[in-house]
$ cat query-v5.cif   # mmCIF, C-alpha atoms and all ligand atoms
data_start
loop_
_atom_site.label_atom_id
_atom_site.label_comp_id
_atom_site.auth_asym_id
_atom_site.auth_seq_id
_atom_site.Cartn_x
_atom_site.Cartn_y
_atom_site.Cartn_z
CA MET A 1296 17.05 15.96 3.72
CA ILE A 1297 14.85 13.57 5.64
CA ASP A 1298 13.80 14.60 9.14
CA ASN A 1299 14.30 11.41 11.16
CA GLN A 1300 12.03 12.73 13.90
CA ARG A 1301 9.05 12.81 11.53
CA LEU A 1302 9.25 9.49 9.72
CA PRO A 1303 5.99 7.80 8.77
CA GLN A 1304 5.48 4.81 11.06
CA HIS A 1305 3.70 2.91 8.28
CA ILE A 1306 4.49 2.99 4.55
CA ALA A 1307 2.27 1.08 2.12
CA ILE A 1308 3.48 0.37 -1.42
CA ILE A 1309 1.78 -0.67 -4.65
CA MET A 1310 4.68 -2.36 -6.43
CA ASP A 1311 3.77 -1.78 -10.07
CA GLY A 1312 5.78 -2.00 -13.29
CA ASN A 1313 7.51 -5.40 -13.04
CA GLY A 1314 6.05 -6.62 -16.34
CA ARG A 1315 6.88 -3.45 -18.27
CA TRP A 1316 10.39 -3.40 -16.78
CA ALA A 1317 10.97 -6.90 -18.18
CA GLN A 1318 9.31 -6.26 -21.54
CA ALA A 1319 11.43 -3.12 -22.07
CA ARG A 1320 14.48 -5.43 -21.80
CA GLY A 1321 13.08 -8.10 -24.12
CA MET A 1322 12.54 -10.47 -21.19
CA VAL A 1323 9.52 -12.49 -20.11
CA ARG A 1324 7.33 -10.84 -17.48
CA SER A 1325 8.36 -13.27 -14.75
CA LYS A 1326 11.91 -11.88 -14.94
CA GLY A 1327 10.42 -8.55 -13.89
CA HIS A 1328 8.88 -10.18 -10.82
CA GLN A 1329 12.26 -11.75 -10.03
CA ALA A 1330 13.89 -8.34 -10.21
CA GLY A 1331 10.99 -7.07 -8.10
CA VAL A 1332 12.02 -9.41 -5.29
CA GLU A 1333 15.43 -7.71 -5.17
CA ALA A 1334 13.64 -4.38 -4.76
CA VAL A 1335 11.54 -5.92 -1.97
CA ASP A 1336 14.74 -6.95 -0.17
CA ARG A 1337 16.33 -3.52 -0.67
CA ILE A 1338 13.34 -1.53 0.55
CA THR A 1339 12.59 -3.87 3.46
CA SER A 1340 16.19 -3.59 4.67
CA GLU A 1341 16.21 0.17 4.34
CA CYS A 1342 12.87 0.66 6.10
CA SER A 1343 14.12 -1.64 8.83
CA ARG A 1344 17.36 0.32 9.17
CA MET A 1345 15.50 3.65 9.30
CA GLY A 1346 13.22 2.46 12.09
CA ILE A 1347 9.96 2.47 10.09
CA ARG A 1348 7.51 0.31 12.09
CA PHE A 1349 5.28 -1.13 9.30
CA LEU A 1350 5.81 -1.74 5.58
CA THR A 1351 2.86 -3.15 3.62
CA LEU A 1352 3.50 -4.45 0.11
CA TYR A 1353 0.73 -5.13 -2.42
CA THR A 1354 2.12 -8.40 -3.73
CA PHE A 1355 -0.82 -10.12 -5.38
CA SER A 1356 -4.36 -8.77 -5.65
CA THR A 1357 -7.63 -10.70 -5.79
CA GLU A 1358 -7.86 -9.51 -9.40
CA ASN A 1359 -4.36 -10.88 -10.19
CA TRP A 1360 -5.83 -14.41 -10.05
CA ASN A 1361 -7.15 -13.61 -13.55
CA ARG A 1362 -3.62 -13.41 -15.01
CA PRO A 1363 -2.31 -16.26 -17.19
CA PRO A 1364 -1.76 -19.35 -14.99
CA GLU A 1365 1.96 -19.50 -15.80
CA GLU A 1366 2.45 -15.95 -14.47
CA VAL A 1367 0.40 -16.70 -11.33
CA ASN A 1368 2.49 -19.84 -10.74
CA ALA A 1369 5.74 -17.95 -11.28
CA ILE A 1370 4.75 -15.32 -8.67
CA MET A 1371 3.68 -18.00 -6.15
CA GLN A 1372 6.93 -19.94 -6.64
CA LEU A 1373 8.90 -16.71 -6.21
CA LEU A 1374 7.11 -16.07 -2.95
CA ILE A 1375 7.99 -19.50 -1.61
CA THR A 1376 11.66 -19.03 -2.48
CA SER A 1377 11.88 -15.40 -1.31
CA LEU A 1378 10.19 -15.52 2.06
CA VAL A 1379 13.41 -16.56 3.73
CA GLU A 1380 13.02 -16.85 7.48
CA GLU A 1381 16.73 -16.52 8.17
CA THR A 1382 16.81 -13.06 6.58
CA PHE A 1383 13.81 -11.95 8.64
CA MET A 1384 15.35 -13.34 11.83
CA LYS A 1385 18.68 -11.66 11.11
CA ASN A 1386 16.93 -8.30 10.65
CA ASN A 1387 14.44 -8.79 13.54
CA VAL A 1388 11.57 -8.47 11.02
CA ARG A 1389 8.10 -9.78 11.86
CA MET A 1390 6.26 -11.03 8.76
CA ARG A 1391 2.46 -11.01 8.44
CA VAL A 1392 0.16 -11.75 5.52
CA ILE A 1393 -3.22 -10.16 4.83
CA GLY A 1394 -5.57 -11.57 2.17
CA ASP A 1395 -7.81 -14.46 1.27
CA ARG A 1396 -5.72 -17.51 2.25
CA GLU A 1397 -8.45 -19.93 1.16
CA ARG A 1398 -7.45 -19.35 -2.45
CA LEU A 1399 -3.75 -20.07 -1.92
CA ALA A 1400 -2.19 -23.45 -2.72
CA PRO A 1401 -1.42 -25.53 0.42
CA GLU A 1402 2.37 -25.19 -0.02
CA VAL A 1403 2.10 -21.39 -0.23
CA ARG A 1404 -0.12 -21.31 2.86
CA LYS A 1405 2.29 -23.50 4.77
CA CYS A 1406 5.23 -21.34 3.78
CA ILE A 1407 3.59 -18.09 4.95
CA GLU A 1408 2.17 -19.63 8.11
CA ASP A 1409 5.58 -21.03 9.11
CA CYS A 1410 7.18 -17.68 8.39
CA GLU A 1411 4.54 -15.81 10.42
CA ASP A 1412 4.91 -18.23 13.36
CA HIS A 1413 8.69 -18.17 13.45
CA THR A 1414 9.00 -14.38 13.18
CA SER A 1415 6.09 -13.50 15.47
CA ALA A 1416 8.28 -12.48 18.43
CA ASN A 1417 10.54 -10.20 16.37
CA THR A 1418 10.33 -6.60 17.49
CA GLY A 1419 11.68 -4.61 14.52
CA LEU A 1420 9.86 -3.78 11.28
CA THR A 1421 6.57 -5.55 10.62
CA LEU A 1422 6.53 -6.52 6.95
CA VAL A 1423 2.95 -7.05 5.81
CA ILE A 1424 2.51 -8.95 2.56
CA ALA A 1425 -0.88 -8.29 0.96
CA LEU A 1426 -1.46 -11.56 -0.88
CA SER A 1427 -4.66 -12.60 -2.63
CA TYR A 1428 -5.80 -9.32 -1.16
CA SER A 1429 -8.30 -6.67 -2.11
CA SER A 1430 -9.75 -4.03 0.10
CA ARG A 1431 -13.33 -4.80 -0.89
CA TRP A 1432 -12.71 -8.44 0.03
CA GLU A 1433 -11.30 -7.39 3.41
CA ILE A 1434 -14.18 -5.01 4.17
CA THR A 1435 -16.77 -7.61 3.10
CA ASP A 1436 -15.06 -10.16 5.34
CA ALA A 1437 -15.23 -7.70 8.26
CA MET A 1438 -18.95 -7.15 7.57
CA LYS A 1439 -19.55 -10.91 7.79
CA ARG A 1440 -17.78 -11.08 11.18
CA ILE A 1441 -19.77 -8.12 12.50
CA ALA A 1442 -23.06 -9.59 11.21
CA GLN A 1443 -22.22 -12.89 12.95
CA LYS A 1444 -21.63 -11.09 16.27
CA VAL A 1445 -24.98 -9.32 15.92
CA LYS A 1446 -26.63 -12.66 15.11
CA ASP A 1447 -24.97 -14.28 18.14
CA GLY A 1448 -26.24 -11.45 20.34
CA THR A 1449 -22.73 -10.30 21.38
CA LEU A 1450 -23.00 -6.97 19.52
CA GLU A 1451 -25.86 -4.47 19.27
CA PRO A 1452 -26.29 -2.80 15.86
CA GLU A 1453 -26.41 0.66 17.52
CA ASP A 1454 -22.97 0.00 19.07
CA ILE A 1455 -21.32 -0.45 15.66
CA ASN A 1456 -18.95 2.43 14.98
CA GLU A 1457 -15.75 3.08 12.98
CA GLN A 1458 -13.69 1.32 15.62
CA THR A 1459 -15.85 -1.81 15.30
CA VAL A 1460 -15.15 -1.92 11.56
CA ALA A 1461 -11.41 -1.28 12.03
CA GLU A 1462 -11.14 -4.00 14.70
CA ASN A 1463 -12.80 -6.57 12.46
CA LEU A 1464 -10.55 -5.97 9.47
CA GLU A 1465 -7.91 -8.64 8.96
CA SER A 1466 -5.30 -5.87 9.09
CA HIS A 1467 -6.52 -4.67 12.51
CA PHE A 1468 -3.01 -5.11 13.98
CA MET A 1469 -1.47 -2.31 11.93
CA PRO A 1470 -1.88 1.47 12.17
CA ASP A 1471 -3.19 3.34 9.11
CA PRO A 1472 -0.39 4.12 6.65
CA GLU A 1473 0.64 7.76 6.64
CA LEU A 1474 2.24 7.33 3.21
CA LEU A 1475 1.08 5.29 0.21
CA ILE A 1476 3.59 4.96 -2.64
CA ARG A 1477 2.68 3.62 -6.10
CA THR A 1478 5.45 2.90 -8.59
CA GLY A 1479 5.05 2.31 -12.33
CA GLY A 1480 3.35 5.53 -13.43
CA GLU A 1481 -0.34 4.74 -12.86
CA GLN A 1482 -2.28 7.00 -10.52
CA ARG A 1483 -4.90 4.83 -8.88
CA ILE A 1484 -5.45 2.86 -5.66
CA SER A 1485 -6.47 -0.46 -7.29
CA ASN A 1486 -8.58 -1.81 -4.41
CA TYR A 1487 -5.75 -1.46 -1.86
CA LEU A 1488 -6.29 -0.50 1.80
CA LEU A 1489 -9.30 1.68 0.97
CA TRP A 1490 -10.44 1.98 4.60
CA GLN A 1491 -6.92 2.45 6.00
CA CYS A 1492 -5.83 5.06 3.42
CA ALA A 1493 -8.66 7.50 4.23
CA TYR A 1494 -6.09 10.13 5.21
CA SER A 1495 -2.86 8.73 3.76
CA GLU A 1496 -0.62 10.96 1.68
CA LEU A 1497 -0.42 9.54 -1.85
CA TYR A 1498 2.86 9.53 -3.76
CA PHE A 1499 3.08 8.39 -7.39
CA THR A 1500 6.31 7.80 -9.27
CA ASP A 1501 7.02 6.68 -12.85
CA ILE A 1502 9.88 4.44 -11.65
CA PHE A 1503 9.17 0.75 -12.30
CA TRP A 1504 9.25 -1.32 -9.11
CA PRO A 1505 12.46 -3.27 -9.96
CA ASP A 1506 14.28 0.09 -10.23
CA PHE A 1507 12.89 1.49 -6.98
CA ASP A 1508 15.87 2.00 -4.68
CA GLU A 1509 16.85 3.70 -1.44
CA LYS A 1510 17.15 7.11 -3.13
CA ALA A 1511 13.63 6.78 -4.58
CA LEU A 1512 12.36 5.85 -1.12
CA TYR A 1513 14.02 8.92 0.46
CA ASN A 1514 12.45 11.12 -2.25
CA ALA A 1515 9.00 9.77 -1.38
CA ILE A 1516 9.54 10.28 2.36
CA GLU A 1517 10.91 13.78 1.83
CA ASP A 1518 7.90 14.67 -0.32
CA TYR A 1519 5.60 13.32 2.41
CA GLN A 1520 7.37 15.44 5.02
CA HIS A 1521 6.56 18.58 3.04
CA ARG A 1522 2.83 17.83 3.04
CA GLU A 1523 0.52 19.55 5.49
CA ARG A 1524 -1.68 16.84 7.01
CA ARG A 1525 -4.90 18.64 7.92
CA PHE A 1526 -7.32 15.77 8.62
CA GLY A 1527 -10.22 18.07 7.67
CA LYS A 1528 -9.03 21.01 9.80
CA THR A 1529 -7.93 24.41 8.46
CA SER A 1530 -4.29 25.24 7.87
CA ALA A 1531 -4.38 27.82 10.71
CA GLN A 1532 -5.71 25.21 13.15
CA VAL A 1533 -2.99 22.73 12.16
CA LYS A 1534 -0.28 25.39 12.71
CA ALA A 1535 -1.73 26.30 16.12
CA ASP A 1536 -1.82 22.59 17.08
CA THR A 1537 1.83 22.17 16.04
CA GLU A 1538 2.93 25.23 18.07
CA ARG A 1539 1.11 23.92 21.16
CA LYS A 1540 3.07 20.61 20.99
C1 LIG B 1601 2.85 -5.61 -10.39
O1 LIG B 1601 3.57 -5.42 -11.58
C2 LIG B 1601 3.50 -6.65 -9.58
C3 LIG B 1601 2.92 -7.84 -9.21
C4 LIG B 1601 1.55 -8.21 -9.55
C5 LIG B 1601 3.67 -8.86 -8.46
C6 LIG B 1601 4.61 -8.32 -7.44
C7 LIG B 1601 5.35 -9.42 -6.82
C8 LIG B 1601 6.64 -9.38 -6.47
C9 LIG B 1601 7.52 -8.22 -6.62
C10 LIG B 1601 7.21 -10.55 -5.78
C11 LIG B 1601 7.07 -10.26 -4.32
C12 LIG B 1601 7.84 -11.06 -3.44
C13 LIG B 1601 7.86 -10.86 -2.10
C14 LIG B 1601 8.80 -11.63 -1.32
C15 LIG B 1601 6.98 -9.90 -1.40
P1 LIG B 1601 2.89 -5.77 -12.97
O2 LIG B 1601 3.20 -7.16 -13.31
O3 LIG B 1601 1.43 -5.44 -12.90
O4 LIG B 1601 3.64 -4.78 -13.90
P2 LIG B 1601 3.06 -4.10 -15.24
O5 LIG B 1601 2.03 -3.10 -14.81
O6 LIG B 1601 4.27 -3.46 -15.81
O7 LIG B 1601 2.50 -5.20 -16.11
#
$ encode --input "query-v5.cif" --output "structure tokens"
Amino acid sequence: MIDNQRLPQHIAIIMDGNGRWAQARGMVRSKGHQAGVEAVDRITSECSRMGIRFLTLYTFSTENWNRPPEEVNAIMQLLITSLVEETFMKNNVRMRVIGDRERLAPEVRKCIEDCEDHTSANTGLTLVIALSYSSRWEITDAMKRIAQKVKDGTLEPEDINEQTVAENLESHFMPDPELLIRTGGEQRISNYLLWQCAYSELYFTDIFWPDFDEKALYNAIEDYQHRERRFGKTSAQVKADTERK
């Protein structure tokens, strides 16, 4: 049973296994991505219904640009057809993108920018699409901004702290995810939210992304709720803190 009082406010997901899902059915890989979009819709709706505040989906990594051009094109076309503003408006979802937009084709950029603009006042779930994203890219980008402020004389090097780095990340508007889910059986982070996941609970499942459904989501949340989040403290300290609350 899920305890609705202790839901994570931010869930991040590495949606892996689309290609293998398709290949296991004798289909081309792009069919797996198509089926993956249905899972995106399912999980976004359910997170929205549950009252989760942020859902961040690893949709296309910096490294994914090295895939065959036809697969890259298929994913980009899917994005354009799936980011449907009406659905976001109906569900009060705010859509944001994090990642290196410079590398995106103009029509993809326009599509995400329009979607971000038109949903910006929505107050329900914030759906963050990590697109042309890698954590090392994001951290490097933050370093450039910080260096520029030091160069301009608006920031002293001795004043740089963890908050300075966090505020200069492109994803500065979202809280750190409490729960990171990876589907598809691999157990690695793959250059995703490395700064933000410092204390996230990691949950790995063999389920391929197109098969990930509401039940699989509840299992992940339930597992998370059984974890003891110590943030470097001892178990006894954590229990004492909880009793004081
Ligand atoms: C990883 O599976 C998945 C991707 C690289 C693409 C994910 C994209 C979508 C589901 C479309 C998203 C659309 C919206 C609207 C957010 P893989 O291809 O690496 O699978 P494999 O490990 O089995 O090869």
$ closest_residue --input "query-v5.cif" --among "A:Phe1468, A:Trp1504, A:Trp1360, A:Tyr1353" --to "Ser1430 in chain A" --atoms "all atoms listed in the file"
A:Tyr1353
$ residues_around --input "query-v5.cif" --residues "Ile1407 in chain A" --least-positions-apart "4" --cutoff "9 Å" --atoms "all atoms listed in the file" --output "list in words"
Leu1374, Ile1375, Leu1378, Met1390, Arg1391, Val1392, Glu1402, Val1403, Glu1411 and Asp1412 of chain A
$ residues_near_point --input "query-v5.cif" --point "(-13.3, -4.0, 9.3)" --cutoff "7 Å" --atoms "all atoms listed in the file" --output "JSON, numbers by chain"
{"A": [1434, 1437, 1438, 1459, 1460, 1461, 1462, 1463, 1464]}
$ closest_residue --input "query-v5.cif" --among "A:Val1445, A:Leu1475, A:Leu1302, A:Val1335" --to "ligand LIG 1601 (chain B)" --atoms "only C-alpha atoms and all ligand atoms"
A:Val1335
$ residues_near_ligand --input "query-v5.cif" --ligand "ligand LIG 1601 (chain B)" --cutoff "6 Å" --atoms "all atoms listed in the file" --output "number ranges by chain"
A: 1310-1315, 1328, 1331-1332, 1354-1355, 1374, 1377-1378
$ write_last_selection --input "query-v5.cif" --atoms "C-alpha atoms" --output "CSV table (one decimal), in the frame of the given file"
chain,number,residue,atom,x,y,z
A,1310,MET,CA,4.7,-2.4,-6.4
A,1311,ASP,CA,3.8,-1.8,-10.1
A,1312,GLY,CA,5.8,-2.0,-13.3
A,1313,ASN,CA,7.5,-5.4,-13.0
A,1314,GLY,CA,6.0,-6.6,-16.3
A,1315,ARG,CA,6.9,-3.4,-18.3
A,1328,HIS,CA,8.9,-10.2,-10.8
A,1331,GLY,CA,11.0,-7.1,-8.1
A,1332,VAL,CA,12.0,-9.4,-5.3
A,1354,THR,CA,2.1,-8.4,-3.7
A,1355,PHE,CA,-0.8,-10.1,-5.4
A,1374,LEU,CA,7.1,-16.1,-3.0
A,1377,SER,CA,11.9,-15.4,-1.3
A,1378,LEU,CA,10.2,-15.5,2.1
$ closest_atom_pairs --input "query-v5.cif" --of "range 1338-1385 of chain A" --to "range 1486-1489 of chain A" --cutoff "10 Å" --atoms "only C-alpha atoms" --output "Markdown table"
| residue | atom | partner | partner_atom | distance |
| --- | --- | --- | --- | --- |
| A:Thr1351 | CA | A:Leu1488 | CA | 9.7 |
| A:Leu1352 | CA | A:Tyr1487 | CA | 9.9 |
| A:Tyr1353 | CA | A:Tyr1487 | CA | 7.5 |
| A:Ser1356 | CA | A:Asn1486 | CA | 8.2 |
| A:Thr1357 | CA | A:Asn1486 | CA | 9.0 |
| A:Glu1358 | CA | A:Asn1486 | CA | 9.2 |
$ residues_around --input "query-v5.cif" --residues "range 1524-1535 of chain A" --least-positions-apart "5" --cutoff "9 Å" --atoms "only C-alpha atoms" --output "mmCIF file with C-alpha atoms, in the frame of the given file"
data_model
loop_
_atom_site.group_PDB
_atom_site.id
_atom_site.type_symbol
_atom_site.label_atom_id
_atom_site.label_comp_id
_atom_site.auth_asym_id
_atom_site.auth_seq_id
_atom_site.Cartn_x
_atom_site.Cartn_y
_atom_site.Cartn_z
ATOM 1 C CA TYR A 1494 -6.090 10.130 5.210
ATOM 2 C CA SER A 1495 -2.860 8.730 3.760
ATOM 3 C CA GLU A 1496 -0.620 10.960 1.680
ATOM 4 C CA LYS A 1540 3.070 20.610 20.990
#
$ atom_distance --input "query-v5.cif" --atom1 "CA of Asn1417 in chain A" --atom2 "CA of Met1384 in chain A"
7.3 Å
$ atom_distance --input "query-v5.cif" --atom1 "CA of Tyr1513 in chain A" --atom2 "CA of Asn1387 in chain A"
22.0 Å
$ atom_distance --input "query-v5.cif" --atom1 "CA of Lys1405 in chain A" --atom2 "CA of Ser1466 in chain A"
19.7 Å
$ closest_residue --input "query-v5.cif" --among "A:Glu1538, A:Thr1478, A:Arg1362, A:Ile1484" --to "Phe1507 in chain A" --atoms "only C-alpha atoms"
A:Thr1478
$ residues_around --input "query-v5.cif" --residues "Ala1317 in chain A" --least-positions-apart "2" --cutoff "10 Å" --atoms "all atoms listed in the file" --output "PDB file with C-alpha atoms, in the frame of the given file"
ATOM      1  CA  GLY A1312       5.780  -2.000 -13.290  1.00  0.00           C
ATOM      2  CA  ASN A1313       7.510  -5.400 -13.040  1.00  0.00           C
ATOM      3  CA  GLY A1314       6.050  -6.620 -16.340  1.00  0.00           C
ATOM      4  CA  ARG A1315       6.880  -3.450 -18.270  1.00  0.00           C
ATOM      5  CA  ALA A1319      11.430  -3.120 -22.070  1.00  0.00           C
ATOM      6  CA  ARG A1320      14.480  -5.430 -21.800  1.00  0.00           C
ATOM      7  CA  GLY A1321      13.080  -8.100 -24.120  1.00  0.00           C
ATOM      8  CA  MET A1322      12.540 -10.470 -21.190  1.00  0.00           C
ATOM      9  CA  VAL A1323       9.520 -12.490 -20.110  1.00  0.00           C
ATOM     10  CA  ARG A1324       7.330 -10.840 -17.480  1.00  0.00           C
ATOM     11  CA  SER A1325       8.360 -13.270 -14.750  1.00  0.00           C
ATOM     12  CA  LYS A1326      11.910 -11.880 -14.940  1.00  0.00           C
ATOM     13  CA  GLY A1327      10.420  -8.550 -13.890  1.00  0.00           C
ATOM     14  CA  HIS A1328       8.880 -10.180 -10.820  1.00  0.00           C
ATOM     15  CA  GLN A1329      12.260 -11.750 -10.030  1.00  0.00           C
ATOM     16  CA  ALA A1330      13.890  -8.340 -10.210  1.00  0.00           C
ATOM     17  CA  PHE A1503       9.170   0.750 -12.300  1.00  0.00           C
ATOM     18  CA  PRO A1505      12.460  -3.270  -9.960  1.00  0.00           C
TER      19      PRO A1505
END
$ closest_residue --input "query-v5.cif" --among "A:Met1371, A:Ala1442, A:Met1469, A:Gly1448" --to "Phe1349 in chain A" --atoms "only C-alpha atoms"
A:Met1469
$ closest_residue --input "query-v5.cif" --among "A:Asp1409, A:Glu1380, A:Glu1473, A:Glu1341" --to "His1305 in chain A" --atoms "all atoms listed in the file"
A:Glu1473
$ closest_residue --input "query-v5.cif" --among "A:Arg1398, A:His1413, A:His1467, A:Arg1522" --to "Val1379 in chain A" --atoms "all atoms listed in the file"
A:His1413
$ residues_around --input "query-v5.cif" --residues "Thr1339 in chain A" --least-positions-apart "6" --cutoff "12 Å" --atoms "only C-alpha atoms" --output "ChimeraX atom specification"
/A:1306-1308,1332-1333,1345-1352,1378,1382-1383,1386-1390,1419-1424,1507-1509,1512
$ write_last_selection --input "query-v5.cif" --atoms "C-alpha atoms" --output "mmCIF file, in the coordinates of the input"
data_model
loop_
_atom_site.group_PDB
_atom_site.id
_atom_site.type_symbol
_atom_site.label_atom_id
_atom_site.label_comp_id
_atom_site.auth_asym_id
_atom_site.auth_seq_id
_atom_site.Cartn_x
_atom_site.Cartn_y
_atom_site.Cartn_z
ATOM 1 C CA ILE A 1306 4.490 2.990 4.550
ATOM 2 C CA ALA A 1307 2.270 1.080 2.120
ATOM 3 C CA ILE A 1308 3.480 0.370 -1.420
ATOM 4 C CA VAL A 1332 12.020 -9.410 -5.290
ATOM 5 C CA GLU A 1333 15.430 -7.710 -5.170
ATOM 6 C CA MET A 1345 15.500 3.650 9.300
ATOM 7 C CA GLY A 1346 13.220 2.460 12.090
ATOM 8 C CA ILE A 1347 9.960 2.470 10.090
ATOM 9 C CA ARG A 1348 7.510 0.310 12.090
ATOM 10 C CA PHE A 1349 5.280 -1.130 9.300
ATOM 11 C CA LEU A 1350 5.810 -1.740 5.580
ATOM 12 C CA THR A 1351 2.860 -3.150 3.620
ATOM 13 C CA LEU A 1352 3.500 -4.450 0.110
ATOM 14 C CA LEU A 1378 10.190 -15.520 2.060
ATOM 15 C CA THR A 1382 16.810 -13.060 6.580
ATOM 16 C CA PHE A 1383 13.810 -11.950 8.640
ATOM 17 C CA ASN A 1386 16.930 -8.300 10.650
ATOM 18 C CA ASN A 1387 14.440 -8.790 13.540
ATOM 19 C CA VAL A 1388 11.570 -8.470 11.020
ATOM 20 C CA ARG A 1389 8.100 -9.780 11.860
ATOM 21 C CA MET A 1390 6.260 -11.030 8.760
ATOM 22 C CA GLY A 1419 11.680 -4.610 14.520
ATOM 23 C CA LEU A 1420 9.860 -3.780 11.280
ATOM 24 C CA THR A 1421 6.570 -5.550 10.620
ATOM 25 C CA LEU A 1422 6.530 -6.520 6.950
ATOM 26 C CA VAL A 1423 2.950 -7.050 5.810
ATOM 27 C CA ILE A 1424 2.510 -8.950 2.560
ATOM 28 C CA PHE A 1507 12.890 1.490 -6.980
ATOM 29 C CA ASP A 1508 15.870 2.000 -4.680
ATOM 30 C CA GLU A 1509 16.850 3.700 -1.440
ATOM 31 C CA LEU A 1512 12.360 5.850 -1.120
#
$ build_atoms --input "query-v5.cif" --residues "range 1428-1434 of chain A" --atoms "all heavy atoms" --output "JSON list (two decimals), in the coordinates of the input"
[["chain", "number", "residue", "atom", "x", "y", "z"],
["A", 1428, "TYR", "N", -5.16, -10.36, -1.95],
["A", 1428, "TYR", "CA", -5.80, -9.32, -1.16],
["A", 1428, "TYR", "C", -6.54, -8.34, -2.05],
["A", 1428, "TYR", "O", -6.07, -7.98, -3.13],
["A", 1428, "TYR", "CB", -4.73, -8.54, -0.36],
["A", 1428, "TYR", "CG", -5.30, -7.35, 0.38],
["A", 1428, "TYR", "CD1", -5.80, -7.49, 1.67],
["A", 1428, "TYR", "CD2", -5.38, -6.09, -0.23],
["A", 1428, "TYR", "CE1", -6.36, -6.42, 2.33],
["A", 1428, "TYR", "CE2", -5.94, -5.02, 0.43],
["A", 1428, "TYR", "CZ", -6.42, -5.18, 1.72],
["A", 1428, "TYR", "OH", -6.99, -4.12, 2.38],
["A", 1429, "SER", "N", -7.69, -7.89, -1.58],
["A", 1429, "SER", "CA", -8.30, -6.67, -2.11],
["A", 1429, "SER", "C", -9.05, -6.05, -0.95],
["A", 1429, "SER", "O", -9.49, -6.74, -0.03],
["A", 1429, "SER", "CB", -9.23, -6.95, -3.29],
["A", 1429, "SER", "OG", -10.48, -7.37, -2.81],
["A", 1430, "SER", "N", -9.13, -4.74, -1.00],
["A", 1430, "SER", "CA", -9.75, -4.03, 0.10],
["A", 1430, "SER", "C", -11.24, -4.35, 0.20],
["A", 1430, "SER", "O", -11.78, -4.49, 1.30],
["A", 1430, "SER", "CB", -9.54, -2.54, -0.11],
["A", 1430, "SER", "OG", -9.67, -1.89, 1.10],
["A", 1431, "ARG", "N", -11.90, -4.47, -0.94],
["A", 1431, "ARG", "CA", -13.33, -4.80, -0.89],
["A", 1431, "ARG", "C", -13.54, -6.18, -0.29],
["A", 1431, "ARG", "O", -14.50, -6.39, 0.45],
["A", 1431, "ARG", "CB", -13.94, -4.71, -2.30],
["A", 1431, "ARG", "CG", -14.05, -3.28, -2.77],
["A", 1431, "ARG", "CD", -14.75, -3.21, -4.10],
["A", 1431, "ARG", "NE", -14.91, -1.83, -4.51],
["A", 1431, "ARG", "CZ", -15.50, -1.45, -5.64],
["A", 1431, "ARG", "NH1", -15.97, -2.37, -6.47],
["A", 1431, "ARG", "NH2", -15.62, -0.18, -5.92],
["A", 1432, "TRP", "N", -12.63, -7.12, -0.59],
["A", 1432, "TRP", "CA", -12.71, -8.44, 0.03],
["A", 1432, "TRP", "C", -12.57, -8.30, 1.55],
["A", 1432, "TRP", "O", -13.33, -8.88, 2.32],
["A", 1432, "TRP", "CB", -11.61, -9.37, -0.52],
["A", 1432, "TRP", "CG", -11.50, -10.61, 0.31],
["A", 1432, "TRP", "CD1", -12.27, -11.73, 0.22],
["A", 1432, "TRP", "CD2", -10.62, -10.82, 1.43],
["A", 1432, "TRP", "NE1", -11.93, -12.62, 1.19],
["A", 1432, "TRP", "CE2", -10.92, -12.09, 1.96],
["A", 1432, "TRP", "CE3", -9.62, -10.04, 2.03],
["A", 1432, "TRP", "CZ2", -10.24, -12.62, 3.06],
["A", 1432, "TRP", "CZ3", -8.95, -10.56, 3.12],
["A", 1432, "TRP", "CH2", -9.26, -11.84, 3.63],
["A", 1433, "GLU", "N", -11.57, -7.51, 1.97],
["A", 1433, "GLU", "CA", -11.30, -7.39, 3.41],
["A", 1433, "GLU", "C", -12.48, -6.74, 4.14],
["A", 1433, "GLU", "O", -12.86, -7.18, 5.24],
["A", 1433, "GLU", "CB", -10.03, -6.55, 3.62],
["A", 1433, "GLU", "CG", -9.60, -6.53, 5.07],
["A", 1433, "GLU", "CD", -8.45, -5.57, 5.37],
["A", 1433, "GLU", "OE1", -8.25, -4.59, 4.63],
["A", 1433, "GLU", "OE2", -7.77, -5.80, 6.39],
["A", 1434, "ILE", "N", -13.06, -5.71, 3.53],
["A", 1434, "ILE", "CA", -14.18, -5.01, 4.17],
["A", 1434, "ILE", "C", -15.41, -5.93, 4.21],
["A", 1434, "ILE", "O", -16.12, -6.00, 5.21],
["A", 1434, "ILE", "CB", -14.46, -3.66, 3.47],
["A", 1434, "ILE", "CG1", -13.27, -2.71, 3.69],
["A", 1434, "ILE", "CG2", -15.75, -3.03, 3.99],
["A", 1434, "ILE", "CD1", -13.29, -1.42, 2.87]]
